[in-house]
>>> print(open('work_15.cif').read())   # mmCIF, C-alpha atoms
data_upload
loop_
_atom_site.label_atom_id
_atom_site.label_comp_id
_atom_site.auth_asym_id
_atom_site.auth_seq_id
_atom_site.Cartn_x
_atom_site.Cartn_y
_atom_site.Cartn_z
CA MET V 1 33.58 -19.73 4.58
CA ALA V 2 31.90 -20.60 1.31
CA SER V 3 30.65 -17.79 -0.89
CA GLU V 4 28.31 -17.67 -3.87
CA LYS V 5 27.40 -15.19 -6.58
CA ASP V 6 24.19 -13.23 -6.07
CA LEU V 7 22.93 -14.49 -9.41
CA ILE V 8 21.74 -18.07 -9.50
CA GLU V 9 21.01 -19.76 -12.80
CA PHE V 10 19.18 -23.09 -13.07
CA ASN V 11 19.47 -25.42 -16.04
CA GLU V 12 16.78 -27.61 -14.53
CA ASN V 13 14.30 -27.38 -11.70
CA PRO V 14 16.18 -28.13 -8.44
CA TYR V 15 12.87 -28.29 -6.58
CA ASN V 16 11.84 -31.40 -8.48
CA PRO V 17 11.49 -34.11 -5.80
CA GLU V 18 12.47 -36.74 -8.35
CA SER V 19 15.93 -35.18 -8.83
CA LYS V 20 17.06 -35.94 -5.27
CA GLY V 21 15.36 -37.70 -2.36
CA PRO V 22 15.95 -37.86 1.41
CA GLU V 23 17.72 -41.22 1.04
CA GLU V 24 20.47 -39.45 -0.90
CA ILE V 25 21.51 -37.73 2.34
CA VAL V 26 22.52 -41.08 3.84
CA ARG V 27 24.79 -41.72 0.86
CA LEU V 28 26.56 -38.43 1.54
CA PHE V 29 27.39 -39.54 5.08
CA TYR V 30 28.97 -42.79 3.92
CA SER V 31 30.60 -41.58 0.71
CA ASN V 32 32.33 -38.75 2.59
CA ASN V 33 32.84 -40.64 5.86
CA VAL V 34 31.53 -37.84 8.08
CA PRO V 35 29.34 -38.03 11.22
CA ILE V 36 27.49 -34.77 10.52
CA LEU V 37 26.43 -32.61 7.58
CA PRO V 38 26.24 -28.83 8.09
CA VAL V 39 23.33 -27.21 6.23
CA VAL V 40 23.92 -23.69 4.91
CA SER V 41 21.96 -20.93 3.19
CA LYS V 42 22.85 -19.68 -0.28
CA ARG V 43 25.06 -17.04 1.38
CA GLY V 44 27.01 -19.68 3.29
CA LEU V 45 25.36 -19.07 6.66
CA LEU V 46 24.92 -22.11 8.90
CA LEU V 47 21.21 -22.99 9.26
CA GLY V 48 21.54 -26.27 11.12
CA ILE V 49 23.35 -29.60 11.35
CA LEU V 50 22.27 -33.10 10.34
CA THR V 51 23.58 -36.07 12.28
CA LYS V 52 23.79 -39.53 10.77
CA ASP V 53 21.64 -40.99 13.57
CA SER V 54 18.85 -38.44 13.12
CA VAL V 55 18.71 -39.03 9.35
CA ILE V 56 18.65 -42.81 9.67
CA SER V 57 15.98 -42.59 12.37
CA GLU V 58 13.77 -40.37 10.21
CA LEU V 59 14.21 -42.67 7.21
CA SER V 60 12.88 -45.60 9.21
CA ASP V 61 9.35 -44.51 8.28
CA LEU V 62 9.70 -44.95 4.52
CA GLU V 63 6.06 -44.14 3.73
CA ARG V 64 6.16 -40.76 5.48
CA VAL V 65 9.57 -39.85 4.08
CA GLY V 66 8.49 -40.79 0.57
CA ARG V 67 5.93 -37.98 0.66
CA GLN V 68 8.43 -35.32 1.73
CA LYS V 69 10.39 -33.02 -0.52
CA ILE V 70 14.10 -32.92 0.17
CA ASP V 71 14.10 -29.39 1.63
CA ALA V 72 11.26 -30.18 4.05
CA PHE V 73 13.08 -33.33 5.16
CA ILE V 74 16.33 -31.45 5.83
CA MET V 75 14.71 -28.52 7.64
CA LYS V 76 12.72 -30.88 9.83
CA ILE V 77 15.66 -32.78 11.29
CA SER V 78 18.51 -30.25 11.13
CA ARG V 79 19.21 -28.51 14.42
CA LYS V 80 21.52 -26.00 15.98
CA MET V 81 24.48 -27.40 17.88
CA THR V 82 26.87 -25.72 20.27
CA LEU V 83 30.61 -26.26 20.35
CA ASP V 84 30.13 -28.55 23.35
CA ASP V 85 27.62 -30.63 21.34
CA LEU V 86 29.98 -30.94 18.38
CA LEU V 87 33.26 -31.82 20.07
CA PRO V 88 32.34 -35.41 21.10
CA ILE V 89 31.07 -36.38 17.61
CA ALA V 90 33.10 -34.22 15.23
CA GLY V 91 36.22 -33.20 17.13
CA ASN V 92 38.45 -35.61 15.23
CA VAL V 93 37.20 -34.78 11.74
CA LYS V 94 39.34 -32.27 9.84
CA GLU V 95 37.00 -31.52 6.93
CA PHE V 96 33.22 -31.55 6.47
CA VAL V 97 31.01 -31.67 3.39
CA VAL V 98 28.50 -28.81 3.50
CA ILE V 99 25.09 -29.09 1.83
CA ASN V 100 22.27 -26.70 0.98
CA LEU V 101 18.57 -27.15 1.72
CA PHE V 102 18.13 -29.31 -1.37
CA GLY V 103 20.78 -31.85 -0.39
CA GLU V 104 23.29 -30.56 -2.93
CA ILE V 105 26.93 -30.29 -1.94
CA TYR V 106 27.69 -26.61 -1.36
CA GLY V 107 31.39 -27.01 -0.62
CA LYS V 108 33.65 -28.08 2.22
CA TRP V 109 34.45 -26.55 5.59
CA SER V 110 37.40 -27.15 7.83
CA ARG V 111 36.84 -28.03 11.46
CA LEU V 112 37.71 -24.44 12.36
CA ASP V 113 35.14 -23.11 9.88
CA LEU V 114 32.44 -25.28 11.43
CA PHE V 115 33.25 -24.36 15.01
CA ALA V 116 33.33 -20.66 14.13
CA ALA V 117 29.98 -20.93 12.35
CA CYS V 118 28.41 -22.61 15.37
CA GLU V 119 29.67 -19.89 17.67
CA THR V 120 28.37 -17.05 15.47
CA SER V 121 25.03 -18.56 14.42
CA GLY V 122 23.34 -17.82 17.76
CA GLY V 123 22.53 -14.66 19.71
CA ALA V 124 22.72 -11.52 17.59
CA LYS V 125 23.20 -13.65 14.45
CA ASP V 126 19.77 -15.21 14.79
CA LYS V 127 18.32 -12.26 12.86
CA ASP V 128 20.75 -12.95 10.05
CA VAL V 129 19.73 -16.60 9.94
CA SER V 130 16.07 -15.59 9.83
CA LYS V 131 16.72 -13.17 6.97
CA HIS V 132 18.54 -15.79 4.94
CA ARG V 133 15.70 -18.23 5.51
CA ASP V 134 13.31 -15.56 4.22
CA ASP V 135 15.54 -15.16 1.16
CA GLN V 136 15.32 -18.89 0.61
CA VAL V 137 11.52 -18.70 0.67
CA LEU V 138 11.67 -16.52 -2.44
CA GLU V 139 13.68 -19.21 -4.21
CA TRP V 140 11.23 -21.93 -3.13
CA MET V 141 8.35 -19.92 -4.57
CA ILE V 142 10.27 -19.58 -7.81
CA TYR V 143 11.05 -23.29 -7.92
CA LEU V 144 7.34 -24.07 -7.54
CA VAL V 145 6.52 -21.80 -10.46
CA LEU V 146 9.23 -23.37 -12.58
CA GLU V 147 7.85 -26.80 -11.79
CA HIS V 148 4.45 -25.95 -13.26
CA ILE V 149 5.07 -23.18 -15.82
CA PRO V 150 7.87 -24.01 -18.28
CA ARG V 151 7.84 -20.55 -19.87
CA ALA V 152 10.14 -17.56 -19.99
CA LEU V 153 10.57 -16.23 -16.45
CA TYR V 154 12.78 -13.61 -14.84
CA ALA V 155 12.70 -12.96 -11.10
CA VAL V 156 13.95 -9.96 -9.14
CA ASN V 157 14.00 -9.23 -5.42
CA ASP V 158 12.32 -6.23 -3.80
CA LYS V 159 15.30 -4.06 -4.73
CA GLY V 160 15.06 -4.98 -8.41
CA LYS V 161 18.16 -7.19 -8.37
CA THR V 162 18.21 -10.44 -10.31
CA VAL V 163 17.43 -13.61 -8.40
CA PHE V 164 17.34 -15.92 -11.40
CA TYR V 165 16.16 -16.41 -14.96
CA ASN V 166 15.43 -19.62 -16.83
CA SER V 167 16.56 -20.96 -20.20
CA HIS V 168 13.34 -19.82 -21.92
CA PHE V 169 14.15 -16.22 -21.00
CA GLU V 170 17.67 -16.73 -22.33
CA ASP V 171 16.17 -17.80 -25.65
CA ILE V 172 13.97 -14.70 -25.90
CA TYR V 173 16.82 -12.39 -24.89
CA SER V 174 19.19 -13.98 -27.38
CA ASP V 175 16.59 -13.74 -30.15
CA ARG V 176 15.85 -10.03 -29.44
CA ILE V 177 19.32 -8.76 -28.45
CA GLY V 178 21.65 -11.28 -30.07
CA LYS V 179 23.80 -11.71 -26.96
CA ASP V 180 23.94 -13.66 -23.71
CA VAL V 181 21.78 -12.25 -20.91
CA ASP V 182 23.24 -9.10 -19.34
CA THR V 183 21.57 -8.97 -15.90
CA LYS V 184 22.64 -5.38 -15.19
CA PHE V 185 21.06 -4.26 -18.45
CA VAL V 186 17.85 -6.21 -17.76
CA GLU V 187 17.56 -4.84 -14.20
CA LYS V 188 18.03 -1.27 -15.40
CA SER V 189 15.60 -1.71 -18.27
CA LEU V 190 12.84 -3.31 -16.18
CA SER V 191 13.08 -0.57 -13.52
CA ALA V 192 13.00 2.38 -15.95
CA ALA V 193 9.50 3.84 -16.33
CA ASP V 194 10.22 5.21 -19.80
CA LYS V 195 11.29 1.75 -21.00
CA ASN V 196 8.10 -0.04 -19.95
CA ASP V 197 4.70 0.91 -21.38
CA PHE V 198 1.67 -0.47 -19.56
CA PHE V 199 -1.55 -1.83 -21.04
CA TYR V 200 -4.91 -3.03 -19.76
CA ARG V 201 -6.70 -6.11 -21.02
CA LYS V 202 -10.06 -4.71 -19.94
CA LYS V 203 -11.71 -1.32 -20.08
CA ASP V 204 -12.19 -1.30 -16.28
CA ASN V 205 -8.41 -0.87 -15.87
CA LYS V 206 -7.77 -4.35 -14.54
CA ASP V 207 -5.27 -7.02 -15.58
CA MET V 208 -2.33 -4.74 -16.31
CA TYR V 209 0.61 -5.93 -18.36
CA PHE V 210 3.68 -4.26 -19.81
CA PHE V 211 5.84 -3.92 -22.90
CA ASN V 212 9.62 -3.56 -22.51
CA LYS V 213 11.04 -1.34 -25.26
CA ASP V 214 14.65 -2.51 -24.91
CA ILE V 215 14.14 -6.27 -25.17
CA LYS V 216 10.80 -5.88 -26.98
CA PHE V 217 8.57 -8.32 -25.13
CA TYR V 218 5.19 -8.17 -23.39
CA TYR V 219 5.10 -9.37 -19.80
CA GLU V 220 3.14 -9.53 -16.57
CA LYS V 221 4.71 -8.43 -13.28
CA ILE V 222 3.56 -10.72 -10.49
CA PRO V 223 4.33 -9.82 -6.84
CA LEU V 224 5.96 -12.54 -4.72
CA VAL V 225 4.71 -12.30 -1.14
CA SER V 226 6.06 -13.98 2.00
CA ASN V 227 4.75 -13.34 5.51
CA ASP V 228 2.60 -10.47 4.16
CA LYS V 229 5.69 -8.76 2.73
CA ASN V 230 6.57 -8.20 -0.91
CA VAL V 231 9.89 -10.01 -1.37
CA GLY V 232 10.21 -9.58 -5.11
CA PHE V 233 8.56 -9.81 -8.52
CA LEU V 234 8.22 -12.52 -11.13
CA ILE V 235 8.45 -11.26 -14.70
CA PHE V 236 6.21 -13.63 -16.65
CA ILE V 237 6.65 -13.43 -20.42
CA ASP V 238 3.36 -14.65 -21.84
CA PRO V 239 3.95 -16.34 -25.24
CA TYR V 240 0.38 -15.55 -26.37
CA LEU V 241 0.86 -11.81 -25.80
CA ASN V 242 4.11 -11.82 -27.74
CA GLU V 243 2.77 -13.88 -30.64
CA HIS V 244 -0.68 -12.29 -31.03
CA SER V 245 -0.21 -8.70 -29.93
CA GLY V 246 -1.45 -5.94 -32.23
CA PRO V 247 -0.22 -2.34 -32.50
CA ALA V 248 1.18 -1.05 -29.20
CA PHE V 249 -0.20 2.06 -27.52
CA PRO V 250 0.41 2.69 -23.79
CA GLY V 251 -2.57 1.86 -21.59
CA ILE V 252 -4.54 0.07 -24.31
CA ASP V 253 -4.69 -3.58 -25.33
CA MET V 254 -5.28 -3.55 -29.11
CA SER V 255 -4.70 -7.25 -29.72
CA SER V 256 -8.37 -8.04 -30.49
CA MET V 257 -9.67 -4.61 -31.58
CA SER V 258 -11.02 -3.54 -34.95
CA LEU V 259 -9.53 -0.47 -36.64
CA THR V 260 -12.46 1.67 -35.43
CA GLU V 261 -12.04 0.45 -31.84
CA MET V 262 -8.30 1.12 -31.97
CA THR V 263 -8.84 4.65 -33.26
CA GLU V 264 -11.46 5.45 -30.62
CA SER V 265 -9.35 3.96 -27.80
CA VAL V 266 -6.30 6.00 -28.79
CA GLU V 267 -8.40 9.15 -29.14
CA ARG V 268 -9.95 8.63 -25.71
CA SER V 269 -6.53 8.06 -24.14
CA LEU V 270 -5.11 11.23 -25.71
CA ILE V 271 -8.08 13.28 -24.51
CA VAL V 272 -7.76 11.94 -20.95
CA ASP V 273 -4.03 12.74 -20.89
CA SER V 274 -4.61 16.26 -22.20
CA ILE V 275 -7.32 16.96 -19.61
CA ARG V 276 -5.07 15.70 -16.81
CA GLN V 277 -2.15 17.81 -18.01
CA SER V 278 -4.48 20.84 -18.11
CA ASN V 279 -5.76 20.21 -14.56
CA ASN V 280 -9.31 19.60 -15.85
CA ASN V 281 -9.35 22.89 -17.75
CA ILE V 282 -11.36 22.05 -20.86
CA SER V 283 -10.38 25.16 -22.78
CA GLU V 284 -6.69 24.57 -22.21
CA ALA V 285 -7.03 20.86 -23.12
CA ALA V 286 -8.82 21.82 -26.33
CA LYS V 287 -5.93 24.11 -27.28
CA LYS V 288 -3.44 21.27 -26.70
CA LEU V 289 -5.49 19.02 -28.96
CA LYS V 290 -6.03 21.82 -31.52
CA ILE V 291 -9.82 21.47 -31.53
CA ASN V 292 -12.54 23.80 -30.24
CA THR V 293 -14.08 23.49 -26.78
CA LYS V 294 -17.47 22.38 -28.14
CA ALA V 295 -15.94 19.50 -30.11
CA LEU V 296 -13.92 18.40 -27.08
CA SER V 297 -16.98 18.49 -24.82
CA ALA V 298 -18.84 16.29 -27.31
CA LYS V 299 -16.03 13.73 -27.30
CA ILE V 300 -15.90 13.78 -23.49
CA THR V 301 -19.58 12.88 -23.47
CA LYS V 302 -19.13 10.25 -26.20
CA TYR V 303 -16.37 8.42 -24.34
CA GLY V 304 -17.91 8.80 -20.89
CA ILE V 305 -14.89 10.62 -19.52
CA THR V 306 -15.41 11.86 -15.97
CA LEU V 307 -13.62 15.09 -15.04
#
>>> encode(input="work_15.cif", output="C-alpha cells")
Amino acid sequence: MASEKDLIEFNENPYNPESKGPEEIVRLFYSNNVPILPVVSKRGLLLGILTKDSVISELSDLERVGRQKIDAFIMKISRKMTLDDLLPIAGNVKEFVVINLFGEIYGKWSRLDLFAACETSGGAKDKDVSKHRDDQVLEWMIYLVLEHIPRALYAVNDKGKTVFYNSHFEDIYSDRIGKDVDTKFVEKSLSAADKNDFFYRKKDNKDMYFFNKDIKFYYEKIPLVSNDKNVGFLIFIDPYLNEHSGPAFPGIDMSSMSLTEMTESVERSLIVDSIRQSNNNISEAAKKLKINTKALSAKITKYGITL
C-alpha cells in the first residue's frame, strides 16, 4: 500500500478551506471514472470510503456544505465497507484513486489493495485506525495555527520527532546555520538540556521561554493537547524576542532591564544556585561565592531569597 515519509513539509496551508472545497470531490469521481474514493491516513491506513451517491446527496444542500471545511465534509460521509459491500459497486474496477482527509490525491490502489485494506481495517485494527486519527488531530491543530500565525514554527510529537516546519523556520535556520534544515540536528538540539537555556518574562517565574544555543533563536514551547493527552509541542519562534532581546543569562529576561537591574538579577540568580548546590548551607554557599557569611546573609535579605 501507499507509504509516506514521517516528515511532512507544507509550502502553503493545506487547511485553508479556499484551497479545496467539497465540490472538488465530485470532480475526482468523474475525472478518474471511479464509483468510490478510499480515504486514508497519512500512514496509508484506510479510514473510510466515499461513494459517489453519498457525496452528491450531501452536496444537495449547498448552503450547509459551503460552511464545511473539506476534512469535516469527508469524515462526515465516509464509512467503513466490508468486502461484500464493495463487490457489487467496485468489483469490476481495477484501480482506485486514494485521497487523504483534505481531498488531495494520495496515490492509487489496485483492487486487491482495496479489498485487503477493507479486511484488515476492522477488528483488532480498529485501535490502529483510532491511533492514526489521533495523529491526524495533531496535524489539524498545526494547520489551524498556520492559518492564523504566519511566523516561524516547528512542531514535534510527544517523542520529540519532527512533524513539520514551515518556510519561515527554514529562513531562520538558513540564516543562522547556512544550510537546509537538518531535522535530526534540530530534534537533537531541541531535546538537549544543555543546548536550551530558559528565561522568565516575569519575576514570579511565569511565562517561560527558551534560547537554543545551536541555532541561536529564542522560542516558546507550547504543548499540543488532544483528549487530555499531550500529543506534541509547537516551537514558536517569536520575532520580537529575537529582534529585541538583550544579554542572555539563563532564567532571566534582560530585554527591558537597566544595567543595575541586570547586575542585581544575575547576582540573585548566582546566589540562589549556590545555596541550592550547598543544600541551604549558608557557610558553604559563601565559600563558593568567595564572600563572608555576613555579606551573603545581607544579600539574601536584600533579594528576598527564601531558604
>>> closest_residue(input="work_15.cif", among="V:Pro88, V:Pro38, V:Gly107, V:Pro223", to="Ile235 of chain V", atoms="all atoms listed in the file")
V:Pro223
>>> closest_residue(input="work_15.cif", among="V:Thr82, V:Ser297, V:Ser174, V:Ser110", to="Ser283 of chain V", atoms="only C-alpha atoms")
V:Ser297
>>> atom_distance(input="work_15.cif", atom1="atom CA of Ile77 of chain V", atom2="atom CA of Leu47 of chain V")
11.4 Å
>>> resolve_selection(input="work_15.cif", expression="the PyMOL selection byres ((chain V and resi 195) around 9)", output="JSON, numbers by chain")
{"V": [189, 190, 191, 192, 193, 194, 196, 197, 211, 212, 213, 214]}
>>> atom_distance(input="work_15.cif", atom1="atom CA of Tyr218 of chain V", atom2="atom CA of Ile237 of chain V")
6.2 Å
>>> residues_around(input="work_15.cif", residues="segment 230-234 of chain V", least_positions_apart="4", cutoff="7 Å", atoms="only C-alpha atoms", output="count of residues only")
13
>>> resolve_selection(input="work_15.cif", expression="the PyMOL selection byres ((chain V and resi 114) around 12)", output="tab-separated table (two decimals) with C-alpha atoms, keeping the file's coordinate frame")
chain	number	residue	atom	x	y	z
V	1	MET	CA	33.58	-19.73	4.58
V	2	ALA	CA	31.90	-20.60	1.31
V	36	ILE	CA	27.49	-34.77	10.52
V	37	LEU	CA	26.43	-32.61	7.58
V	38	PRO	CA	26.24	-28.83	8.09
V	39	VAL	CA	23.33	-27.21	6.23
V	40	VAL	CA	23.92	-23.69	4.91
V	44	GLY	CA	27.01	-19.68	3.29
V	45	LEU	CA	25.36	-19.07	6.66
V	46	LEU	CA	24.92	-22.11	8.90
V	47	LEU	CA	21.21	-22.99	9.26
V	48	GLY	CA	21.54	-26.27	11.12
V	49	ILE	CA	23.35	-29.60	11.35
V	80	LYS	CA	21.52	-26.00	15.98
V	81	MET	CA	24.48	-27.40	17.88
V	82	THR	CA	26.87	-25.72	20.27
V	83	LEU	CA	30.61	-26.26	20.35
V	86	LEU	CA	29.98	-30.94	18.38
V	87	LEU	CA	33.26	-31.82	20.07
V	90	ALA	CA	33.10	-34.22	15.23
V	91	GLY	CA	36.22	-33.20	17.13
V	93	VAL	CA	37.20	-34.78	11.74
V	94	LYS	CA	39.34	-32.27	9.84
V	95	GLU	CA	37.00	-31.52	6.93
V	96	PHE	CA	33.22	-31.55	6.47
V	97	VAL	CA	31.01	-31.67	3.39
V	98	VAL	CA	28.50	-28.81	3.50
V	108	LYS	CA	33.65	-28.08	2.22
V	109	TRP	CA	34.45	-26.55	5.59
V	110	SER	CA	37.40	-27.15	7.83
V	111	ARG	CA	36.84	-28.03	11.46
V	112	LEU	CA	37.71	-24.44	12.36
V	113	ASP	CA	35.14	-23.11	9.88
V	115	PHE	CA	33.25	-24.36	15.01
V	116	ALA	CA	33.33	-20.66	14.13
V	117	ALA	CA	29.98	-20.93	12.35
V	118	CYS	CA	28.41	-22.61	15.37
V	119	GLU	CA	29.67	-19.89	17.67
V	120	THR	CA	28.37	-17.05	15.47
V	121	SER	CA	25.03	-18.56	14.42
>>> closest_residue(input="work_15.cif", among="V:Ala286, V:Arg268, V:Glu220, V:Leu28", to="Met208 of chain V", atoms="all atoms listed in the file")
V:Glu220
>>> residues_around(input="work_15.cif", residues="segment 274-277 of chain V", least_positions_apart="3", cutoff="12 Å", atoms="all atoms listed in the file", output="ChimeraX atom specification")
/V:267-271,280-291,293,296-297,300,305-307
>>> resolve_selection(input="work_15.cif", expression="the PyMOL selection byres ((chain V and resi 25) around 12)", output="ChimeraX atom specification")
/V:20-24,26-32,34-39,50-56,58-59,70-71,73-74,77-78,97-105
>>> atom_distance(input="work_15.cif", atom1="atom CA of Glu264 of chain V", atom2="atom CA of Lys302 of chain V")
10.1 Å
>>> closest_residue(input="work_15.cif", among="V:Lys159, V:Phe210, V:Ala72, V:Ser265", to="Phe198 of chain V", atoms="all atoms listed in the file")
V:Phe210
>>> residues_around(input="work_15.cif", residues="Tyr173 of chain V", least_positions_apart="2", cutoff="10 Å", atoms="all atoms listed in the file", output="list in words")
Ala152, Ser167, His168, Phe169, Glu170, Asp171, Asp175, Arg176, Ile177, Gly178, Lys179, Asp180, Val181, Asp182, Val186, Ile215, Lys216 and Phe217 of chain V
